Amino acid sequence: MTIFTRDFNRNSSYWTAIVFYLVCGLLLLLLPNLALSIANVALALLLCAVGVRSIVSYLRGSVLDGVMGLQLAAGLVALCFALLLLFNPLFLAEVLPFVWGVALLVGGFGKVQMTADLKRIGDQRWWYALVAALVSFVLGALAITRPLFIASVLTQFVGVSLMVEGVLDLVSFLMLNKRIKDFRRTLENNARM
C-alpha cells in the first residue's frame with residue numbers, strides 16, 4: 001500500500017497536467033471565445049492578487065526588507081499586466097502562440113528525458129516517447145515561427161495542441177509507469193534469490 005501511495009503522490013502532478021491539457025484543449029476547440037475570455041480574466045485576477053500582495057508585503061515589511069527586495073516593483077509590474085489584460089482582451093490572444101510554443105518545447109524536452117529513462121531501463125518501445133518529443137518540438141516551433149498563421153487559427157491550434165500534448169503525455173507516462181513497475185518487480189525478484 002505504501003508503494004501505491006508513494007507512486008500516486010509522485011505522479012499526481014503528471015495526472016493534473018494531463019487532465020489540464022485535455023480539458024483546456026477541449027474548451028479551446030469547442031468554445032474558443034469563451035475559453036480565451038475566461039483565461040484572460042483569470043490571468044488578470046491572478047496578476048492583480050500577486051501585485052496587491054507584493055505591494056502590501058512591501059508596505060508592511062521592514063525598511064531593510066523593502067530596500068533589499070523588489071516587492072514594490074514586482075507588484076506594480078503585475079498590476080500593470082493585469083490592467084493590460086483587463087483593458088486589452090486581445091493581448092492574450094496575441095502572445096498566446098509564443099507562450100504556447102515555449103510550453104510545447106519545454107514539454108518536448110520532458111519527453112526527451114522520458115525517452116532516455118525508458119532506454120536506460122531497457123524498454124524496447126523507448127522510441128514512442130522520442131516520436132512524441134519530436135511532435136511536441138514541431139508544434140512548438142510552428143507556434144513560435146509562424147505567429148501570424150497561428151493567430152488565424154489560434155484557439156483551434158492551441159486546443160488541438162493541448163489535446164495532442166495531453167494524449168502524448170498520457171501515453172508516455174503510462175509506458176514509463178508500466179516499465180518502472182516491471183523493473184521494480186525484476187529487482188524484487190532478484191533480491192529474493
# chains A, B, ... in the order shown; residues from 1 in each chain; ligands from 1
$ residues_around --residues "Pro147 of chain A" --least-positions-apart "5" --cutoff "12 Å" --atoms "only C-alpha atoms" --output "VMD selection string"
chain A and resid 93 to 101 139 to 142 152 to 154 157 to 158
$ residues_around --residues "Gly108 of chain A" --least-positions-apart "3" --cutoff "7 Å" --atoms "only C-alpha atoms" --output "CSV table (one decimal) with N, CA, C and O atoms, in the first residue's frame"
chain,number,residue,atom,x,y,z
A,104,LEU,N,5.3,24.0,-25.4
A,104,LEU,CA,5.4,22.8,-26.1
A,104,LEU,C,6.8,22.4,-26.2
A,104,LEU,O,7.2,21.2,-26.1
A,105,LEU,N,7.8,23.3,-26.4
A,105,LEU,CA,9.2,23.0,-26.4
A,105,LEU,C,9.6,22.4,-25.1
A,105,LEU,O,10.4,21.4,-25.0
A,111,LYS,N,9.8,15.0,-22.6
A,111,LYS,CA,9.6,13.7,-23.2
A,111,LYS,C,11.0,13.2,-23.7
A,111,LYS,O,11.2,11.9,-23.7
A,112,VAL,N,12.0,14.0,-24.0
A,112,VAL,CA,13.3,13.5,-24.3
A,112,VAL,C,13.9,12.8,-23.1
A,112,VAL,O,14.5,11.8,-23.2
A,133,ALA,N,8.2,13.4,-28.4
A,133,ALA,CA,9.0,14.6,-28.2
A,133,ALA,C,9.2,15.4,-29.5
A,133,ALA,O,9.1,16.6,-29.5
A,134,LEU,N,9.4,14.7,-30.6
A,134,LEU,CA,9.5,15.3,-31.9
A,134,LEU,C,8.3,16.1,-32.3
A,134,LEU,O,8.3,17.2,-32.9
A,136,SER,N,6.1,17.3,-30.3
A,136,SER,CA,6.0,18.5,-29.4
A,136,SER,C,6.9,19.6,-29.9
A,136,SER,O,6.6,20.8,-30.0
A,137,PHE,N,8.1,19.2,-30.4
A,137,PHE,CA,9.1,20.2,-30.9
A,137,PHE,C,8.5,20.8,-32.2
A,137,PHE,O,8.7,22.0,-32.4
$ closest_residue --among "A:Leu86, A:Ile121, A:Ala143, A:Leu162" --to "Ser37 of chain A" --atoms "only C-alpha atoms"
A:Leu86
$ residues_around --residues "Tyr58 of chain A" --least-positions-apart "2" --cutoff "10 Å" --atoms "only C-alpha atoms" --output "PyMOL selection string"
chain A and resi 52-56+60-63+65-67+69-73+75
$ atom_distance --atom1 "atom CA of Gly25 of chain A" --atom2 "atom CA of Asn177 of chain A"
24.2 Å
$ residues_around --residues "Arg120 of chain A" --least-positions-apart "6" --cutoff "12 Å" --atoms "only C-alpha atoms" --output "PyMOL selection string"
chain A and resi 113-114+126+176+179-180+183
$ residues_around --residues "Val23 of chain A" --least-positions-apart "4" --cutoff "10 Å" --atoms "only C-alpha atoms" --output "list in words"
Ala17, Ile18, Val19, Leu27, Leu28, Leu29, Gly159, Leu162, Met163 and Gly166 of chain A
$ atom_distance --atom1 "atom CA of Gly51 of chain A" --atom2 "atom CA of Ser12 of chain A"
29.3 Å
$ closest_residue --among "A:Ala129, A:Val102, A:Leu30, A:Ala78" --to "Leu43 of chain A" --atoms "only C-alpha atoms"
A:Ala78
$ closest_residue --among "A:Ser57, A:Asn190, A:Thr115, A:Asn40" --to "Ala82 of chain A" --atoms "only C-alpha atoms"
A:Asn40
$ closest_residue --among "A:Ser172, A:Thr145, A:Leu46, A:Leu85" --to "Ala116 of chain A" --atoms "only C-alpha atoms"
A:Ser172
$ atom_distance --atom1 "atom CA of Leu170 of chain A" --atom2 "atom CA of Ala103 of chain A"
16.6 Å
$ decode --residues "segment 159-176 of chain A" --atoms "N, CA, C and O atoms" --output "PDB file, in the first residue's frame"
ATOM      1  N   GLY A 159      -6.016  24.424 -28.917  1.00  0.00           N
ATOM      2  CA  GLY A 159      -6.869  23.356 -28.413  1.00  0.00           C
ATOM      3  C   GLY A 159      -6.407  21.990 -28.879  1.00  0.00           C
ATOM      4  O   GLY A 159      -6.268  21.059 -28.080  1.00  0.00           O
ATOM      5  N   VAL A 160      -6.138  21.870 -30.170  1.00  0.00           N
ATOM      6  CA  VAL A 160      -5.651  20.595 -30.701  1.00  0.00           C
ATOM      7  C   VAL A 160      -4.286  20.269 -30.112  1.00  0.00           C
ATOM      8  O   VAL A 160      -4.010  19.126 -29.723  1.00  0.00           O
ATOM      9  N   SER A 161      -3.408  21.281 -30.023  1.00  0.00           N
ATOM     10  CA  SER A 161      -2.067  21.062 -29.457  1.00  0.00           C
ATOM     11  C   SER A 161      -2.149  20.588 -28.014  1.00  0.00           C
ATOM     12  O   SER A 161      -1.419  19.682 -27.609  1.00  0.00           O
ATOM     13  N   LEU A 162      -3.028  21.219 -27.240  1.00  0.00           N
ATOM     14  CA  LEU A 162      -3.202  20.800 -25.851  1.00  0.00           C
ATOM     15  C   LEU A 162      -3.678  19.356 -25.772  1.00  0.00           C
ATOM     16  O   LEU A 162      -3.189  18.571 -24.960  1.00  0.00           O
ATOM     17  N   MET A 163      -4.624  19.009 -26.618  1.00  0.00           N
ATOM     18  CA  MET A 163      -5.135  17.639 -26.592  1.00  0.00           C
ATOM     19  C   MET A 163      -4.064  16.652 -27.050  1.00  0.00           C
ATOM     20  O   MET A 163      -3.895  15.592 -26.447  1.00  0.00           O
ATOM     21  N   VAL A 164      -3.321  17.005 -28.095  1.00  0.00           N
ATOM     22  CA  VAL A 164      -2.229  16.138 -28.562  1.00  0.00           C
ATOM     23  C   VAL A 164      -1.186  15.997 -27.460  1.00  0.00           C
ATOM     24  O   VAL A 164      -0.729  14.888 -27.157  1.00  0.00           O
ATOM     25  N   GLU A 165      -0.829  17.119 -26.841  1.00  0.00           N
ATOM     26  CA  GLU A 165       0.158  17.089 -25.760  1.00  0.00           C
ATOM     27  C   GLU A 165      -0.340  16.233 -24.606  1.00  0.00           C
ATOM     28  O   GLU A 165       0.403  15.436 -24.033  1.00  0.00           O
ATOM     29  N   GLY A 166      -1.627  16.366 -24.256  1.00  0.00           N
ATOM     30  CA  GLY A 166      -2.193  15.558 -23.182  1.00  0.00           C
ATOM     31  C   GLY A 166      -2.165  14.077 -23.502  1.00  0.00           C
ATOM     32  O   GLY A 166      -1.787  13.255 -22.665  1.00  0.00           O
ATOM     33  N   VAL A 167      -2.541  13.724 -24.725  1.00  0.00           N
ATOM     34  CA  VAL A 167      -2.537  12.312 -25.126  1.00  0.00           C
ATOM     35  C   VAL A 167      -1.109  11.773 -25.171  1.00  0.00           C
ATOM     36  O   VAL A 167      -0.824  10.676 -24.685  1.00  0.00           O
ATOM     37  N   LEU A 168      -0.183  12.571 -25.735  1.00  0.00           N
ATOM     38  CA  LEU A 168       1.216  12.133 -25.795  1.00  0.00           C
ATOM     39  C   LEU A 168       1.808  11.958 -24.397  1.00  0.00           C
ATOM     40  O   LEU A 168       2.515  10.986 -24.127  1.00  0.00           O
ATOM     41  N   ASP A 169       1.504  12.915 -23.511  1.00  0.00           N
ATOM     42  CA  ASP A 169       1.983  12.792 -22.129  1.00  0.00           C
ATOM     43  C   ASP A 169       1.386  11.565 -21.456  1.00  0.00           C
ATOM     44  O   ASP A 169       2.074  10.852 -20.731  1.00  0.00           O
ATOM     45  N   LEU A 170       0.090  11.322 -21.694  1.00  0.00           N
ATOM     46  CA  LEU A 170      -0.576  10.175 -21.092  1.00  0.00           C
ATOM     47  C   LEU A 170       0.059   8.871 -21.567  1.00  0.00           C
ATOM     48  O   LEU A 170       0.387   8.001 -20.758  1.00  0.00           O
ATOM     49  N   VAL A 171       0.267   8.742 -22.868  1.00  0.00           N
ATOM     50  CA  VAL A 171       0.866   7.520 -23.413  1.00  0.00           C
ATOM     51  C   VAL A 171       2.293   7.336 -22.883  1.00  0.00           C
ATOM     52  O   VAL A 171       2.659   6.254 -22.410  1.00  0.00           O
ATOM     53  N   SER A 172       3.088   8.405 -22.927  1.00  0.00           N
ATOM     54  CA  SER A 172       4.466   8.316 -22.434  1.00  0.00           C
ATOM     55  C   SER A 172       4.495   7.975 -20.951  1.00  0.00           C
ATOM     56  O   SER A 172       5.278   7.143 -20.499  1.00  0.00           O
ATOM     57  N   PHE A 173       3.622   8.623 -20.183  1.00  0.00           N
ATOM     58  CA  PHE A 173       3.560   8.415 -18.744  1.00  0.00           C
ATOM     59  C   PHE A 173       3.155   6.984 -18.411  1.00  0.00           C
ATOM     60  O   PHE A 173       3.759   6.329 -17.550  1.00  0.00           O
ATOM     61  N   LEU A 174       2.133   6.473 -19.096  1.00  0.00           N
ATOM     62  CA  LEU A 174       1.688   5.099 -18.833  1.00  0.00           C
ATOM     63  C   LEU A 174       2.765   4.087 -19.223  1.00  0.00           C
ATOM     64  O   LEU A 174       2.987   3.098 -18.509  1.00  0.00           O
ATOM     65  N   MET A 175       3.451   4.335 -20.331  1.00  0.00           N
ATOM     66  CA  MET A 175       4.537   3.438 -20.741  1.00  0.00           C
ATOM     67  C   MET A 175       5.647   3.423 -19.695  1.00  0.00           C
ATOM     68  O   MET A 175       6.140   2.362 -19.308  1.00  0.00           O
ATOM     69  N   LEU A 176       6.026   4.626 -19.236  1.00  0.00           N
ATOM     70  CA  LEU A 176       7.105   4.721 -18.249  1.00  0.00           C
ATOM     71  C   LEU A 176       6.690   4.053 -16.944  1.00  0.00           C
ATOM     72  O   LEU A 176       7.467   3.296 -16.358  1.00  0.00           O
TER      73      LEU A 176
END
